[in-house]
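Engineer: The structure that follows is given in the form of structure tokens.
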Amino acid sequence: MAKPLATDITNLNMKWHVLKLLVPYLFEYKGYTFLAFAALGIGKIATIALPFFLKYIVDALDPSLNALVVVPLMLILAYGVARFMNVLFGEVRDTLFGRVTERMIRRISLQTFQHLHGLDLDFHLNRRTGGLSRDIERGTSGISYLMRFMIFNILPTLLELAVVISIFLSRYGVAFAGVIVAALVVYVCFSVMATERRTQYVREMNQADSATNNRAIDSLLNYETVKYFTNEAHEATLYDRELANWERAKQRNRLSLFALNGGQALIVAASMTAMLWLAARGVMAGGMTLGDFVLINTFMMQLFIPLNFLGFVYREIKGALANIENLFNLLRVNSAITEAPDAVPLTATLPGIRFEQVSFGYSPERTILRDVSFSIAPGEKVAVVGASGSGKSTLVKLLFRFYDCQQGRIRINGQDLRELQVLSLRRAIGIVPQDTVLFNDTLYNNVLFGRPDASEADVWEAIRLAQLETFIHLLPQGMQTMVGERGLKLSGGEKQRVAIARTMLKNPAILVFDEATSALDSHTERGILEALREVSKGHTSLVIAHRLSTVVDADRILVLDHGCLVESGSHQALLAAGGHYAAMWEVQQRAQEEEELLAS
């Protein structure tokens, strides 16, 4: 079914919008761009001069003209100089403009990278990493294709065509110019129509390529899970299914390319034959010399080589525009978390926190928090406990402003989070998350990530407080040990201690511990809890906990149940109240006693 005209117009405008966006990057290096175009002009003049030198050489060698020997020798020398200039200035052009293109790709890649980091958490939870990386890769490659082909192939070729048509019209008449014009019109119309029909196959191939990449990356990232359930064959079947879709799309794309190339070759062959037939008739009639025949033949070859390439260029530009469009679509995605124009930095060194009637849900159908209100005084340590799914970790996401609450507000030091600069807010908060993911780098660099400008002494102090020192000394490579993809070479407890060291190095005003000791054994947990108590002094602290024994020293404990705050008080006060907290405490104590009994 044909697409509506409005859709075509929208797509056309979008593509021109992409070109418009590239122009500022193109002229960032005006000097290089000007010199590149100058080299292009000189090279094109040399290209147009070459057939004339050949004509005069052939005519000079004609015995009937009785030309001097020195004349063809000079013309041959001039031909060689023109040929060298054509190649030399082509290389100069590519070198100069390559600098502009590479800087453009660097700037846009960096802008995309920064933009993706600026998007909200919801975007990153829903994205597909493999497909996203391919979109960025194809987009940057598309910029290189577009700049190189459009500026230094299409435009010069069209310019040369205009000059040659003018030459043929003035020197040889309407018939010769008409053949070129007719061939050009038929060739361009056929190429555009055929390429438009091929666009759907290119899109299908790209989609299949992205889907295949997504499947492979998802499976490899979950390598251990695949092994646990011995589902290697199942994953291979799913991957092969995606590869089969890619193979079919590739085959359709190749067949359509065959039809396009065949049609273009037919048009070129027919027009070349017609032009040479006209030239041969002119020579036989005596109205043209052999040099004119050579000139016409040379011009036709010079024109149709890039004209034949023009079909490939057009296809590449169509693909490049589609890929660049996807890249700029990423840049057009807006974050749900926006910063007010008059936002102010958070400057308090010991801030207080207040949740005021906060309600939040990740979707309208699923409410997580319901009218939650509590406060944490400056320097106070407050713990939040409750069953899984009660909304404990959601409080942390709201505090970091990964999401905005739908009702109510959160204040830090009396200021609404939405009135603060996001960067200063997040710099003031340090977190030890429940699920620690490390970079595929050294232990030292993973700890240093907490404060990249920290000294080595500060890093070692953070390591000591996190009780990582003994573990690191036992490693053959010590701090230079690589932790592997997502930190998979370390145990859960080791990864969590790295996360604790990283947060201690950051030394923020607000400390958040989201199940910070959940992956630690009892012995290590006791040591780290003592370190956390020491580090928490002089900080405002929020502790999310499942094991109640880890938060008995909190100034206050908040109990969440199905998104509602149902109890608040100290450990002893809550036990005495005999409510939700007391019931949870009793269940956990009984489970601990049973574990100790089994262990003994």
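Identifiers in the structure tokens: chain A, B, ... in order shown; residue index from 1 per chain; ligand index from 1 in order shown.
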Which residues are near Gly484 (chain A)? Cut-off 9 Å, only C-alpha atoms, ignore same chain within fewer than 6 positions. Put them as a PyMOL selection string.

Structural biologist: chain A and resi 438-442+490

Engineer: Could you pull the residues within 7 Å of Ile165 (chain A), counting only C-alpha atoms, minus those fewer than 4 positions along the same chain, as a list in words?

Structural biologist: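 Listed by chain and then number, they are Leu161, Leu169 and Ala177 of chain A.
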
Engineer: When you look at region 229-242 of chain A with a cut-off of 6 Å (counting only C-alpha atoms), what residues show up, excluding the ones that are within fewer than 3 positions of it in the same chain? I need them as number ranges by chain.

Structural biologist: A: 212, 226, 245

Engineer: Find the residues around region 287-303 of chain A up to 9 Å (only C-alpha atoms counted), leave out those fewer than 6 positions away in its own chain, and share them as an mmCIF file with C-alpha atoms, in the first residue's frame.

Structural biologist:
data_model
loop_
_atom_site.group_PDB
_atom_site.id
_atom_site.type_symbol
_atom_site.label_atom_id
_atom_site.label_comp_id
_atom_site.auth_asym_id
_atom_site.auth_seq_id
_atom_site.Cartn_x
_atom_site.Cartn_y
_atom_site.Cartn_z
ATOM 1 C CA THR A 47 40.007 16.861 -15.332
ATOM 2 C CA ILE A 48 38.137 18.912 -17.943
ATOM 3 C CA LEU A 50 42.610 16.319 -20.114
ATOM 4 C CA PRO A 51 40.347 15.449 -23.108
ATOM 5 C CA PHE A 52 41.389 18.672 -24.879
ATOM 6 C CA PHE A 53 45.071 17.788 -24.524
ATOM 7 C CA LEU A 54 44.342 14.354 -25.983
ATOM 8 C CA LYS A 55 42.453 15.919 -28.902
ATOM 9 C CA TYR A 56 45.294 18.269 -29.747
ATOM 10 C CA ILE A 57 47.888 15.487 -29.388
ATOM 11 C CA VAL A 58 45.980 13.261 -31.818
ATOM 12 C CA ASP A 59 45.456 16.114 -34.274
ATOM 13 C CA ALA A 60 49.123 17.081 -34.016
ATOM 14 C CA ASP A 62 47.953 13.469 -37.950
ATOM 15 C CA THR A 157 30.014 15.501 -11.128
ATOM 16 C CA GLU A 160 31.361 18.715 -14.777
ATOM 17 C CA LEU A 161 28.195 17.559 -16.538
ATOM 18 C CA VAL A 164 30.619 19.260 -20.781
ATOM 19 C CA PHE A 168 29.303 19.807 -26.707
ATOM 20 C CA TYR A 172 29.353 19.839 -31.862
ATOM 21 C CA ILE A 180 24.136 13.419 -22.663
ATOM 22 C CA MET A 272 27.987 5.563 -25.010
ATOM 23 C CA MET A 275 27.529 9.138 -28.773
ATOM 24 C CA LEU A 276 30.351 7.210 -30.479
ATOM 25 C CA ALA A 279 31.171 11.042 -33.501
ATOM 26 C CA ALA A 280 32.154 8.375 -36.045
ATOM 27 C CA ARG A 281 29.644 9.814 -38.543
#

Engineer: Run DSSP on the backbone and give me the residues of region 409-444 of chain A it puts in strand (DSSP E), as a PyMOL selection string.

Structural biologist: chain A and resi 409-412+415-416+429-432

Engineer: Residues of region 261-328 of chain A that approach region 103-119 of chain A to 12 Å or less, counting only C-alpha atoms: could you list each one with the shortest pair of atoms and its distance in Å to one decimal, rows by chain and increasing residue number, as a tab-separated table?

Structural biologist:
residue	atom	partner	partner_atom	distance
A:Ile324	CA	A:Ile108	CA	10.5
A:Asn326	CA	A:Thr112	CA	11.5
A:Leu327	CA	A:Thr112	CA	7.9
A:Phe328	CA	A:Thr112	CA	8.4

Engineer: Give me, please, the distance in Å between CA of Ala49 (chain A) and CA of Ser271 (chain A), quoted to one decimal.

Structural biologist: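 CA of Ser271 (chain A) lies 22.4 Å from CA of Ala49 (chain A).
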
Engineer: As a short mmCIF file (atom, residue, chain, number, x, y, z; two decimals) with C-alpha atoms, in the first residue's frame, please: the residues near Val385 (chain A) (cut-off 8 Å, only C-alpha atoms, same-chain neighbours under 3 positions excluded).

Structural biologist:
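Produced file result12.cif, reproduced below:
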data_model
loop_
_atom_site.label_atom_id
_atom_site.label_comp_id
_atom_site.auth_asym_id
_atom_site.auth_seq_id
_atom_site.Cartn_x
_atom_site.Cartn_y
_atom_site.Cartn_z
CA LYS A 392 12.04 1.19 49.70
CA ILE A 544 17.47 0.78 52.99
CA ALA A 545 17.58 -2.59 54.69
CA HIS A 546 16.05 -6.02 54.59
CA LEU A 548 16.73 -5.60 60.54
CA ILE A 557 13.40 3.33 61.58
CA LEU A 558 10.58 3.76 59.07
CA VAL A 559 8.41 0.78 58.12
CA LEU A 560 6.84 0.68 54.67
#

Engineer: Run DSSP on the backbone of this structure and report the residues of region 444-512 of chain A it assigns to alpha helix (DSSP H), as an MDAnalysis selection string.

Structural biologist: chainID A and resid 444:448 456:465 469:474 492:506

Engineer: Using the selection just defined, write its residues with N, CA and C atoms as a short mmCIF file (atom, residue, chain, number, x, y, z; two decimals), in the first residue's frame.

Structural biologist:
data_model
loop_
_atom_site.label_atom_id
_atom_site.label_comp_id
_atom_site.auth_asym_id
_atom_site.auth_seq_id
_atom_site.Cartn_x
_atom_site.Cartn_y
_atom_site.Cartn_z
N TYR A 444 41.70 -0.56 41.17
CA TYR A 444 42.05 0.81 41.55
C TYR A 444 41.16 1.82 40.84
N ASN A 445 40.99 1.66 39.53
CA ASN A 445 40.20 2.62 38.76
C ASN A 445 38.71 2.54 39.12
N ASN A 446 38.25 1.36 39.51
CA ASN A 446 36.85 1.24 39.92
C ASN A 446 36.59 1.97 41.23
N VAL A 447 37.56 1.93 42.14
CA VAL A 447 37.41 2.70 43.39
C VAL A 447 37.57 4.19 43.09
N LEU A 448 38.57 4.52 42.26
CA LEU A 448 38.84 5.92 41.92
C LEU A 448 37.65 6.59 41.24
N GLU A 456 46.21 8.94 45.61
CA GLU A 456 46.35 7.51 45.88
C GLU A 456 46.17 7.22 47.37
N ALA A 457 46.61 8.13 48.21
CA ALA A 457 46.44 7.94 49.66
C ALA A 457 44.96 7.92 50.04
N ASP A 458 44.17 8.79 49.41
CA ASP A 458 42.74 8.81 49.68
C ASP A 458 42.08 7.50 49.22
N VAL A 459 42.53 6.99 48.10
CA VAL A 459 41.97 5.73 47.59
C VAL A 459 42.27 4.60 48.58
N TRP A 460 43.49 4.54 49.08
CA TRP A 460 43.85 3.48 50.02
C TRP A 460 43.10 3.62 51.34
N GLU A 461 42.81 4.84 51.76
CA GLU A 461 42.05 5.04 52.98
C GLU A 461 40.62 4.52 52.81
N ALA A 462 40.03 4.79 51.65
CA ALA A 462 38.68 4.28 51.37
C ALA A 462 38.69 2.76 51.32
N ILE A 463 39.73 2.19 50.73
CA ILE A 463 39.86 0.73 50.67
C ILE A 463 39.98 0.14 52.06
N ARG A 464 40.75 0.80 52.93
CA ARG A 464 40.91 0.31 54.31
C ARG A 464 39.57 0.33 55.05
N LEU A 465 38.82 1.43 54.91
CA LEU A 465 37.53 1.53 55.59
C LEU A 465 36.54 0.48 55.09
N GLU A 469 41.50 -4.15 52.05
CA GLU A 469 42.96 -4.13 52.03
C GLU A 469 43.56 -5.53 52.00
N THR A 470 43.10 -6.40 52.89
CA THR A 470 43.64 -7.77 52.97
C THR A 470 43.40 -8.51 51.66
N PHE A 471 42.19 -8.40 51.13
CA PHE A 471 41.83 -9.07 49.87
C PHE A 471 42.75 -8.61 48.74
N ILE A 472 43.01 -7.32 48.65
CA ILE A 472 43.83 -6.78 47.55
C ILE A 472 45.27 -7.26 47.68
N HIS A 473 45.81 -7.32 48.91
CA HIS A 473 47.20 -7.77 49.10
C HIS A 473 47.37 -9.24 48.71
N LEU A 474 46.30 -10.01 48.75
CA LEU A 474 46.39 -11.42 48.38
C LEU A 474 46.38 -11.63 46.87
N GLY A 492 30.14 -11.56 44.98
CA GLY A 492 29.16 -10.53 45.32
C GLY A 492 29.63 -9.65 46.46
N GLY A 493 30.22 -10.26 47.47
CA GLY A 493 30.70 -9.50 48.62
C GLY A 493 31.86 -8.60 48.26
N GLU A 494 32.76 -9.10 47.41
CA GLU A 494 33.91 -8.29 46.99
C GLU A 494 33.45 -7.09 46.17
N LYS A 495 32.50 -7.32 45.29
CA LYS A 495 31.98 -6.20 44.49
C LYS A 495 31.33 -5.15 45.38
N GLN A 496 30.60 -5.62 46.40
CA GLN A 496 29.91 -4.66 47.26
C GLN A 496 30.90 -3.85 48.10
N ARG A 497 32.00 -4.48 48.48
CA ARG A 497 33.01 -3.74 49.22
C ARG A 497 33.71 -2.70 48.33
N VAL A 498 33.88 -3.02 47.05
CA VAL A 498 34.41 -2.02 46.12
C VAL A 498 33.44 -0.84 46.02
N ALA A 499 32.14 -1.14 45.98
CA ALA A 499 31.14 -0.07 45.91
C ALA A 499 31.16 0.79 47.18
N ILE A 500 31.36 0.16 48.32
CA ILE A 500 31.44 0.91 49.57
C ILE A 500 32.68 1.81 49.57
N ALA A 501 33.81 1.26 49.12
CA ALA A 501 35.04 2.06 49.04
C ALA A 501 34.86 3.24 48.09
N ARG A 502 34.20 3.00 46.98
CA ARG A 502 33.96 4.06 45.99
C ARG A 502 33.14 5.19 46.58
N THR A 503 32.11 4.84 47.34
CA THR A 503 31.24 5.85 47.96
C THR A 503 31.97 6.59 49.08
N MET A 504 32.78 5.85 49.85
CA MET A 504 33.55 6.50 50.90
C MET A 504 34.55 7.49 50.32
N LEU A 505 35.11 7.17 49.16
CA LEU A 505 36.04 8.08 48.50
C LEU A 505 35.32 9.34 48.04
N LYS A 506 34.09 9.20 47.60
CA LYS A 506 33.30 10.37 47.15
C LYS A 506 33.06 11.34 48.30
#

Engineer: Measuring between only C-alpha atoms, which one of A:Ile143, A:Val422, A:Val384, A:Ile45 shows the shortest distance to Ile337 (chain A)?

Structural biologist: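 When distances to Ile337 (chain A) are compared using only C-alpha atoms, the smallest one comes from A:Val422.
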
Engineer: Might you pull out every residue within 6 Å of Ile412 (chain A), with only C-alpha atoms counted and same-chain residues fewer than 2 positions away left off, and present them as a list in words?

Structural biologist: Gly352, Ile353, Gly414 and Gln415 of chain A

Engineer: Export, as a PDB file, in the first residue's frame, the selected residues with C-alpha atoms.

Structural biologist:
ATOM      1  CA  GLY A 352      18.269  17.720  55.957  1.00  0.00           C
ATOM      2  CA  ILE A 353      15.778  15.759  53.843  1.00  0.00           C
ATOM      3  CA  GLY A 414      14.355  23.309  52.592  1.00  0.00           C
ATOM      4  CA  GLN A 415      14.601  23.467  48.783  1.00  0.00           C
TER       5      GLN A 415
END

Engineer: Skip Pro306 (chain A) itself and residues of its chain fewer than 5 positions away, then list as a PyMOL selection string all residues within 12 Å of it, counting only C-alpha atoms.

Structural biologist: chain A and resi 149+152-161+184+268+299-301+311-314

Engineer: What is the distance, in Å and to one decimal place, between CA of Ile217 (chain A) and CA of Glu485 (chain A)?

Structural biologist: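 Atom-to-atom, CA of Ile217 (chain A) and CA of Glu485 (chain A) are spaced 12.3 Å apart.
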
Engineer: My list of candidates is A:Leu598, A:Leu511, A:Glu365, A:Gly386. Which is closest to Ala583 (chain A) when distances are computed with only C-alpha atoms?

Structural biologist: A:Gly386
